[in-house]
Amino acid sequence: MTQRKITDDLQALLDVLPPKITAAVIKADDSDNLLEIVLDLGRLPMARFVNREEVLSEREIVHEDIQTVVSKIGEFDADNRAGLERTLHRISAIRSRDRRVIGLTCRVGRSVYGTIAIIRDLVESGSSVLMMGRPGVGKTTMLREAARVLADDLRKRTVIVDTSNEIGGDGDIPHPAIGRARRMQV
């Protein structure tokens with residue numbers, strides 16, 4: 001059986017959140033199963049885990065909470081997404097009609113080494129592979145791992161066409177999880 005190694009740089013995501021939200025996530029003590037943190041104006045902040053949701057505070061989210069995050073992450077692109085440099089975390093914005101950010105979904109990005117063991121022979125054979133499944137089951141994680149494994153073979157050139165920076169991470173420098181693969185942001 002292949003050993004799995006998980007890396008998530010979770011502290012980088014926690015550092016952009018309001019301190020009380022960060023403290024609540026830490027107190028929940030289930031970071032390995034954390035999928036995303038949702039901050040919507042006028043609603044209670046939520047943490048979504050693999051098998052449950054948890055309210056992070058009994059105080060509703062206010063504009064200042066959202067601005068705290070927005071001021072630390074920089075610009076959102078045309079599809080209302082932003083990432084944290086050198087991580088795989090993604091933050092999606094919900095905007096009001098007048099374009100103000102009124103909600104944020106902070107998705108935890110993870111690199112899990114060893115996830116393609118079950119399909120490694122297909123990946124290395126050059127066959128086409130279609131991956132389907134519900135959100136959060138690891139499709140992107142497996143795709144990232146496949147790109148890394150293919151790029152490790154010096155006879156193959158591997159380029160990731162990354163439309164939303166989910167595979168190679170955000171910023172000018174790709175996340176180490178893609179190994180020697182090159183990334184084209186489009």
# chains A, B, ... in the order shown; residues from 1 in each chain; ligands from 1
call {"tool": "residues_around", "arguments": {"residues": "region 129-146 of chain A", "least_positions_apart": "4", "cutoff": "12 Å", "atoms": "only C-alpha atoms", "output": "JSON, numbers by chain"}}
result
{"A": [4, 5, 6, 7, 8, 33, 34, 35, 36, 48, 49, 50, 51, 88, 107, 108, 109, 110, 111, 112, 113, 114, 115, 116, 117, 118, 119, 120, 121, 122, 123, 124, 125, 150, 151, 152, 153, 158, 159, 160, 161, 162, 164, 165, 166, 167, 168, 169, 174, 175, 176, 177, 178, 179, 180, 181, 182, 183]}
call {"tool": "residues_around", "arguments": {"residues": "region 62-64 of chain A", "least_positions_apart": "4", "cutoff": "8 Å", "atoms": "only C-alpha atoms", "output": "MDAnalysis selection string"}}
result
chainID A and resid 41:42 68 102
call {"tool": "select_by_dssp", "arguments": {"residues": "region 31-62 of chain A", "states": "strand (DSSP E or B)", "output": "list of chain:residue names"}}
result
A:Leu34, A:Leu35, A:Glu36, A:Ile37, A:Val38, A:Leu39, A:Asp40, A:Leu41, A:Met46, A:Ala47, A:Arg48, A:Phe49, A:Glu53, A:Glu54, A:Val55, A:Ile61
call {"tool": "write_last_selection", "arguments": {"atoms": "N, CA, C and O atoms", "output": "PDB file, in the first residue's frame"}}
result
ATOM      1  N   LEU A  34     -11.101  19.507   7.455  1.00  0.00           N
ATOM      2  CA  LEU A  34     -11.647  20.819   7.102  1.00  0.00           C
ATOM      3  C   LEU A  34     -11.636  21.005   5.591  1.00  0.00           C
ATOM      4  O   LEU A  34     -10.603  20.857   4.943  1.00  0.00           O
ATOM      5  N   LEU A  35     -12.812  21.311   5.019  1.00  0.00           N
ATOM      6  CA  LEU A  35     -12.926  21.555   3.583  1.00  0.00           C
ATOM      7  C   LEU A  35     -12.930  23.047   3.264  1.00  0.00           C
ATOM      8  O   LEU A  35     -12.235  23.489   2.348  1.00  0.00           O
ATOM      9  N   GLU A  36     -13.737  23.823   4.013  1.00  0.00           N
ATOM     10  CA  GLU A  36     -13.848  25.242   3.711  1.00  0.00           C
ATOM     11  C   GLU A  36     -14.440  25.999   4.882  1.00  0.00           C
ATOM     12  O   GLU A  36     -15.071  25.415   5.765  1.00  0.00           O
ATOM     13  N   ILE A  37     -14.218  27.309   4.839  1.00  0.00           N
ATOM     14  CA  ILE A  37     -14.772  28.227   5.823  1.00  0.00           C
ATOM     15  C   ILE A  37     -15.627  29.217   5.055  1.00  0.00           C
ATOM     16  O   ILE A  37     -15.172  29.782   4.054  1.00  0.00           O
ATOM     17  N   VAL A  38     -16.853  29.427   5.523  1.00  0.00           N
ATOM     18  CA  VAL A  38     -17.797  30.292   4.823  1.00  0.00           C
ATOM     19  C   VAL A  38     -18.109  31.506   5.685  1.00  0.00           C
ATOM     20  O   VAL A  38     -18.521  31.366   6.847  1.00  0.00           O
ATOM     21  N   LEU A  39     -17.878  32.681   5.102  1.00  0.00           N
ATOM     22  CA  LEU A  39     -18.157  33.950   5.783  1.00  0.00           C
ATOM     23  C   LEU A  39     -19.123  34.749   4.917  1.00  0.00           C
ATOM     24  O   LEU A  39     -18.729  35.313   3.899  1.00  0.00           O
ATOM     25  N   ASP A  40     -20.391  34.780   5.295  1.00  0.00           N
ATOM     26  CA  ASP A  40     -21.408  35.522   4.560  1.00  0.00           C
ATOM     27  C   ASP A  40     -21.959  36.637   5.431  1.00  0.00           C
ATOM     28  O   ASP A  40     -22.312  36.391   6.604  1.00  0.00           O
ATOM     29  N   LEU A  41     -22.027  37.805   4.878  1.00  0.00           N
ATOM     30  CA  LEU A  41     -22.525  38.982   5.588  1.00  0.00           C
ATOM     31  C   LEU A  41     -23.888  38.690   6.227  1.00  0.00           C
ATOM     32  O   LEU A  41     -24.788  38.160   5.568  1.00  0.00           O
ATOM     33  N   MET A  46     -19.281  29.653   9.247  1.00  0.00           N
ATOM     34  CA  MET A  46     -19.366  28.196   9.272  1.00  0.00           C
ATOM     35  C   MET A  46     -18.058  27.561   8.817  1.00  0.00           C
ATOM     36  O   MET A  46     -17.394  28.085   7.924  1.00  0.00           O
ATOM     37  N   ALA A  47     -17.762  26.433   9.422  1.00  0.00           N
ATOM     38  CA  ALA A  47     -16.671  25.589   8.929  1.00  0.00           C
ATOM     39  C   ALA A  47     -17.332  24.324   8.395  1.00  0.00           C
ATOM     40  O   ALA A  47     -18.183  23.730   9.065  1.00  0.00           O
ATOM     41  N   ARG A  48     -16.966  23.960   7.179  1.00  0.00           N
ATOM     42  CA  ARG A  48     -17.486  22.724   6.599  1.00  0.00           C
ATOM     43  C   ARG A  48     -16.379  21.685   6.626  1.00  0.00           C
ATOM     44  O   ARG A  48     -15.301  21.896   6.083  1.00  0.00           O
ATOM     45  N   PHE A  49     -16.700  20.574   7.263  1.00  0.00           N
ATOM     46  CA  PHE A  49     -15.786  19.455   7.366  1.00  0.00           C
ATOM     47  C   PHE A  49     -16.296  18.336   6.470  1.00  0.00           C
ATOM     48  O   PHE A  49     -17.396  18.420   5.930  1.00  0.00           O
ATOM     49  N   GLU A  53     -20.901  20.226   9.514  1.00  0.00           N
ATOM     50  CA  GLU A  53     -20.693  21.666   9.511  1.00  0.00           C
ATOM     51  C   GLU A  53     -20.687  22.137  10.957  1.00  0.00           C
ATOM     52  O   GLU A  53     -21.351  21.544  11.801  1.00  0.00           O
ATOM     53  N   GLU A  54     -19.925  23.192  11.216  1.00  0.00           N
ATOM     54  CA  GLU A  54     -19.852  23.707  12.583  1.00  0.00           C
ATOM     55  C   GLU A  54     -19.886  25.225  12.558  1.00  0.00           C
ATOM     56  O   GLU A  54     -19.167  25.857  11.784  1.00  0.00           O
ATOM     57  N   VAL A  55     -20.731  25.803  13.412  1.00  0.00           N
ATOM     58  CA  VAL A  55     -20.786  27.255  13.570  1.00  0.00           C
ATOM     59  C   VAL A  55     -19.523  27.682  14.316  1.00  0.00           C
ATOM     60  O   VAL A  55     -19.166  27.099  15.339  1.00  0.00           O
ATOM     61  N   ILE A  61     -21.418  37.645  10.738  1.00  0.00           N
ATOM     62  CA  ILE A  61     -20.341  38.274   9.976  1.00  0.00           C
ATOM     63  C   ILE A  61     -20.753  39.701   9.606  1.00  0.00           C
ATOM     64  O   ILE A  61     -21.881  39.940   9.167  1.00  0.00           O
TER      65      ILE A  61
END
call {"tool": "residues_around", "arguments": {"residues": "Lys72 (chain A)", "least_positions_apart": "6", "cutoff": "12 Å", "atoms": "only C-alpha atoms", "output": "PyMOL selection string"}}
result
chain A and resi 12-18+65-66+82-85+91
call {"tool": "select_by_dssp", "arguments": {"residues": "region 83-156 of chain A", "states": "alpha helix (DSSP H)", "output": "number ranges by chain"}}
result
A: 120-125, 139-152
call {"tool": "residues_around", "arguments": {"residues": "Val25 (chain A)", "least_positions_apart": "4", "cutoff": "8 Å", "atoms": "only C-alpha atoms", "output": "PyMOL selection string"}}
result
chain A and resi 21+29+31+47+56
call {"tool": "write_last_selection", "arguments": {"atoms": "C-alpha atoms", "output": "PDB file, in the first residue's frame"}}
result
ATOM      1  CA  ILE A  21     -12.578  32.875  13.342  1.00  0.00           C
ATOM      2  CA  ASP A  29      -9.485  20.545  16.318  1.00  0.00           C
ATOM      3  CA  SER A  31      -8.036  20.412  10.504  1.00  0.00           C
ATOM      4  CA  ALA A  47     -16.671  25.589   8.929  1.00  0.00           C
ATOM      5  CA  LEU A  56     -17.582  29.146  14.383  1.00  0.00           C
TER       6      LEU A  56
END
call {"tool": "residues_around", "arguments": {"residues": "Glu58 (chain A)", "least_positions_apart": "6", "cutoff": "10 Å", "atoms": "only C-alpha atoms", "output": "PyMOL selection string"}}
result
chain A and resi 43-45
call {"tool": "atom_distance", "arguments": {"atom1": "CA of Asp9 (chain A)", "atom2": "CA of Ala23 (chain A)"}}
result
16.5 Å
call {"tool": "closest_residue", "arguments": {"among": "A:Gly171, A:Gln185, A:Ala147, A:Ala28", "to": "Ile73 (chain A)", "atoms": "only C-alpha atoms"}}
result
A:Gly171
call {"tool": "closest_residue", "arguments": {"among": "A:Asp79, A:Glu60, A:Asp30, A:Leu104", "to": "Thr163 (chain A)", "atoms": "only C-alpha atoms"}}
result
A:Asp79
call {"tool": "atom_distance", "arguments": {"atom1": "CA of Asp32 (chain A)", "atom2": "CA of Thr87 (chain A)"}}
result
16.0 Å
call {"tool": "closest_residue", "arguments": {"among": "A:Gly74, A:Val101, A:Val149, A:Lys156", "to": "Asp170 (chain A)", "atoms": "only C-alpha atoms"}}
result
A:Gly74
